[in-house]
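Engineer: This is the structure I have questions about; it appears just below.
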Amino acid sequence: MNLPYYLFIALRYFKSKKKNRGLSFNSIISIAGVAVGVMALLVVLSVMSGFHEDLQKKILGANAHVIVTSFNGPFENYKEIMDKVKEKNHVIASAPFTLGQVMVSAGKKGHGVFIRGIDFESEKNTTDILKNIKYGSLDNFKKPTEKGKTGIIMGKELVNMLGLFVGDTVSVISPTSEFGPMGMIPKAKQFQLSAVFEMGMFDYDMNLVLIDLKTSQEFFGLGKSVTGVELRLDDIYKADVVRELINNDIGFPFYARDWMQMNRNLFSALKLEKFAMFIILILIVLVASFNIVSTLMMNVMEKQKEIAILKAMGSANKGIMMIFMLQGLIIGLIGTTIGVIGGYGLSKLINNYELIKLPADIYYLSKLPVKMKLIDFLVVSISAIAISFISTIYPSYYAAKINPVEPLRYE
C-alpha cells in the first residue's frame, strides 16, 4: 500500500540515526511524558468518581430518594398522600415517618441525635438501614419486652460512644416538656437496644436512631400524625422529575424534596473538586506537550537539508507542515493510548487488590474506591490528543517557512 509521502516521511523521522535501531530518544521521552500525564489524570479522576459514588450510595442508603412534607408541620392524611404518589412513574415504595431531635443517654454519657419513627415493614422497601444491621435482632423492635420497654436501633458509632451492648437500657429525653407535679419537666422514655446498624458514614452512625412509628407518635404527642412520607424510586436520577410531578399534583401545603436538593452543597463541592483536579492534572499533559515542541524543533533543525530538497522537488509548504504535524500527532496518539491502558490497568489493580489501604476508623473506607467512567476516559483522551496537536503548529509552521536556498547553498 502506497502511503502519502508526508506520512511516510513523518514515520521515518521517528527513527533514530542509522547506527541505532528503534525510535529516537527524544520521541520516546515525548511519548512517555504524554503517557504518564494521561495515566495520572485517569487514575485520579477514577478515584474521585469512586468517592462520589460511594458517598452517594451511603447517603441514599440512609435516606429516601424523595420526601413529602407539609409547611404546616405534622399531618394526619398521610395515607391519602401515599395513595396519590404511588401512582407516579418511577415510584416503587413509600413509607410514613416521624423525625425529631432528642437526647439519648446511658449511665453518665449522653448525646443529641435525630430520632426517626418508622413503619417496620414499609421502611425495608424505602431505605437500606435495616439491611445494614451488624449486631442484634429486629425481632424485639416492635414488641415490648417483658419489662415493657420497646426496642430502639442505634448506629455503631453512637453505641460505642455510649458504651452500650445489645439488650442494654437507653434513655431518650425529648426537648419538648410536659406538665408534672413540679411544673414543666422534659419528657423521657426508656428503650432497650435491639439492634445496631452501620452505614459506614459517621453522621448517620453517630446521629441517627430508629424507633417504631406508633411509639414515636406517642412519645412526641403527635396522635396519628407523621412528619412526612418517604419515597423510593427505580431511577435515582429521575428524582427531580418525580418531585415536580408530586408538587403539581398534591399542591399546598404539601411539598416534595429530592435527594439532590437536600445534598446539593455536598455534591456540588465534590463536582467542583473533581473539575479542579482535572484542570490541575491536565497541566502534566501540557508540560509533556513542551517535550513534543522541543522534539519537533530539533527535528526541524536537523532536517533542514531534507526539507530544502523536498521543496526543490516541488513539495508545497502545506506538505512540509503535514510531515511535522503528523509526527507530533502520532506522538500524542501513542502516548495517549499507552496512558489509557496504563490508567485502566492501575485503576483495576487499586480496586481489586487494595494496593492503597486507608484507616477505616478515619475514612470509613478500607481501600480507595475506584469508579472508571467512559466519559472520563473520552474527555482525557481527546484533551491529550488536542494538546499534542496544538503543540505541533509552531514547529510545523517554522519548517514550512525555511528557505531552501540557504541549506543547499554549499552542497
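Naming scheme: A, B, ... for chains in displayed order of the C-alpha cells; residues 1 onward per chain; ligands 1 onward as shown.
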Find the nearest atom pair between each residue of region 42-105 of chain A and region 371-393 of chain A for residues within 7 Å, count only C-alpha atoms, give distances in Å to one decimal, sort rows by chain and ascending number, and present the table as JSON lines.

Structural biologist:
```
{"residue": "A:Leu42", "atom": "CA", "partner": "A:Phe377", "partner_atom": "CA", "distance": 6.7}
{"residue": "A:Ser46", "atom": "CA", "partner": "A:Met372", "partner_atom": "CA", "distance": 4.9}
{"residue": "A:Val47", "atom": "CA", "partner": "A:Lys371", "partner_atom": "CA", "distance": 6.4}
{"residue": "A:Ser49", "atom": "CA", "partner": "A:Lys371", "partner_atom": "CA", "distance": 5.4}
{"residue": "A:Gly50", "atom": "CA", "partner": "A:Lys371", "partner_atom": "CA", "distance": 4.4}
```

Engineer: With only C-alpha atoms as the counted atoms, please give the residues lying no more than 8 Å from Phe51 (chain A), apart from itself and same-chain residues fewer than 3 positions off, as a list in words.

Structural biologist: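 Within the cut-off, the hits are Val47, Met48, Asp54, Leu55, Leu368, Pro369 and Val370 of chain A.
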
Engineer: Can you list, as an NGL selection string, all residues belonging to region 96-343 of chain A that DSSP tags as strand (DSSP E or B)?

Structural biologist: :A and (96-106 or 109-118 or 133-136 or 150-155 or 169-180 or 183-197 or 208-212 or 226 or 228-233 or 254-258)

Engineer: Any chance you could export the current selection's C-alpha atoms as a compact mmCIF listing (two decimals), in the first residue's frame?

Structural biologist:
```txt
# COMPACT_ATOMS: atom_id res chain seq x y z
CA PRO A 96 -44.53 7.30 56.62
CA PHE A 97 -42.04 8.58 59.18
CA THR A 98 -41.63 10.95 62.09
CA LEU A 99 -38.49 12.89 62.84
CA GLY A 100 -37.38 14.78 65.92
CA GLN A 101 -34.33 15.75 67.96
CA VAL A 102 -33.74 14.11 71.33
CA MET A 103 -31.04 13.33 73.85
CA VAL A 104 -30.06 9.70 74.33
CA SER A 105 -28.22 8.72 77.48
CA ALA A 106 -26.80 5.67 79.16
CA LYS A 109 -22.97 9.61 78.97
CA GLY A 110 -25.36 11.35 76.61
CA HIS A 111 -25.55 12.63 73.05
CA GLY A 112 -28.00 14.64 70.96
CA VAL A 113 -29.40 12.75 67.97
CA PHE A 114 -32.17 12.66 65.39
CA ILE A 115 -34.77 10.03 66.18
CA ARG A 116 -36.79 8.64 63.31
CA GLY A 117 -40.05 6.78 63.81
CA ILE A 118 -40.55 4.18 61.11
CA ILE A 133 -27.79 -4.37 60.80
CA LYS A 134 -24.46 -5.55 62.23
CA TYR A 135 -25.46 -6.69 65.70
CA GLY A 136 -28.65 -7.70 67.45
CA THR A 150 -39.81 -1.08 73.27
CA GLY A 151 -36.86 -1.61 71.00
CA ILE A 152 -34.53 1.04 69.59
CA ILE A 153 -31.99 0.76 66.78
CA MET A 154 -28.81 2.83 67.00
CA GLY A 155 -25.71 3.46 64.90
CA THR A 169 -31.37 0.15 78.51
CA VAL A 170 -31.25 3.54 76.77
CA SER A 171 -32.99 6.68 77.99
CA VAL A 172 -34.47 9.06 75.43
CA ILE A 173 -35.22 12.61 76.57
CA SER A 174 -37.27 14.99 74.43
CA PRO A 175 -36.67 18.77 74.50
CA THR A 176 -40.45 19.28 74.49
CA SER A 177 -41.76 19.46 78.05
CA GLU A 178 -44.85 18.08 79.73
CA PHE A 179 -46.61 19.34 82.85
CA GLY A 180 -45.83 17.47 86.10
CA GLY A 183 -44.02 22.06 86.89
CA MET A 184 -42.77 21.62 83.31
CA ILE A 185 -40.38 18.67 83.01
CA PRO A 186 -38.71 17.10 79.95
CA LYS A 187 -40.44 14.06 78.52
CA ALA A 188 -38.38 10.88 78.91
CA LYS A 189 -38.78 7.22 78.00
CA GLN A 190 -36.64 4.13 78.35
CA PHE A 191 -35.90 1.80 75.44
CA GLN A 192 -34.00 -1.44 75.04
CA LEU A 193 -31.22 -1.56 72.43
CA SER A 194 -32.45 -4.14 69.92
CA ALA A 195 -30.01 -3.80 67.06
CA VAL A 196 -27.02 -1.82 65.81
CA PHE A 197 -26.63 -0.61 62.21
CA LEU A 208 -29.44 8.72 63.91
CA VAL A 209 -31.60 6.30 65.92
CA LEU A 210 -34.77 4.44 64.92
CA ILE A 211 -37.90 3.55 66.88
CA ASP A 212 -41.33 2.22 65.94
CA VAL A 226 -46.49 11.94 60.85
CA GLY A 228 -43.68 13.13 56.22
CA VAL A 229 -43.73 10.39 53.61
CA GLU A 230 -40.55 8.99 52.08
CA LEU A 231 -40.40 7.51 48.58
CA ARG A 232 -38.07 5.14 46.81
CA LEU A 233 -37.63 5.33 43.03
CA PHE A 254 -47.51 19.79 50.88
CA TYR A 255 -44.22 19.89 49.03
CA ALA A 256 -41.68 17.32 47.87
CA ARG A 257 -37.90 17.46 48.02
CA ASP A 258 -35.50 15.08 46.30
```

Engineer: Using Å and a single decimal, report how far CA of Lys58 (chain A) sits from CA of Lys156 (chain A).

Structural biologist: 14.7 Å

Engineer: Would you list the contacts of Asn247 (chain A) as a list of chain:residue names, taking every protein, DNA or RNA residue within 12 Å and counting only C-alpha atoms, but skipping same-chain residues closer than 5 positions in sequence?

Structural biologist: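 So, after excluding close chain neighbours, the residues are A:Val66, A:Ile67, A:Val68, A:Thr69, A:Ser70, A:Ile81, A:Lys84, A:Val85, A:Lys88, A:Asp240, A:Val241, A:Val242, A:Phe252, A:Pro253, A:Phe254, A:Tyr255, A:Ala256, A:Arg257, A:Asp258.
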
Engineer: For CA of Glu123 (chain A) and CA of Ala93 (chain A), quote the distance in Å rounded to one decimal.

Structural biologist: 8.9 Å

Engineer: State, in Å with one decimal place, the distance from CA of Tyr5 (chain A) to CA of Ser24 (chain A).

Structural biologist: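 Here the two named atoms are 20.4 Å from each other.
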
Engineer: Give me, as a PyMOL selection string, the residues of region 212-241 of chain A that a backbone DSSP run labels helix (DSSP H, G or I).

Structural biologist: chain A and resi 213-220+236-241

Engineer: List the spatial neighbours of Asn299 (chain A) as number ranges by chain - criterion: any atom at most 9 Å away, only C-alpha atoms, same-chain residues fewer than 4 positions off excluded.

Structural biologist: A: 13, 294-295, 303-304, 324

Engineer: Considering only C-alpha atoms, return as a ChimeraX atom specification whatever protein or nucleic-acid residues lie within 10 Å of Met301 (chain A), sequence-local ones (same chain, fewer than 3 positions apart) excluded.

Structural biologist: /A:296-298,304-305,307,395,398-399,402

Engineer: Filtering to C-alpha atoms, could you give me those residues as an mmCIF file, in the first residue's frame?

Structural biologist:
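Just written: again-v5.cif:
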```cif
data_model
loop_
_atom_site.group_PDB
_atom_site.id
_atom_site.type_symbol
_atom_site.label_atom_id
_atom_site.label_comp_id
_atom_site.auth_asym_id
_atom_site.auth_seq_id
_atom_site.Cartn_x
_atom_site.Cartn_y
_atom_site.Cartn_z
ATOM 1 C CA LEU A 296 9.834 18.708 16.604
ATOM 2 C CA MET A 297 12.022 21.835 16.678
ATOM 3 C CA MET A 298 15.132 19.668 16.983
ATOM 4 C CA GLN A 304 16.767 21.450 7.122
ATOM 5 C CA LYS A 305 18.608 19.950 4.163
ATOM 6 C CA ILE A 307 13.244 19.957 3.880
ATOM 7 C CA PRO A 395 7.325 23.830 14.712
ATOM 8 C CA TYR A 398 8.631 27.148 11.159
ATOM 9 C CA ALA A 399 9.626 24.169 8.979
ATOM 10 C CA ILE A 402 12.507 27.515 5.695
#
```

Engineer: Point out the residue among A:Asn265, A:Thr336, A:Ser216, A:Gln56 with the least atom-to-atom distance to Val285 (chain A), counting only C-alpha atoms.

Structural biologist: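 Residue with the minimum atom-to-atom distance to Val285 (chain A): A:Thr336.
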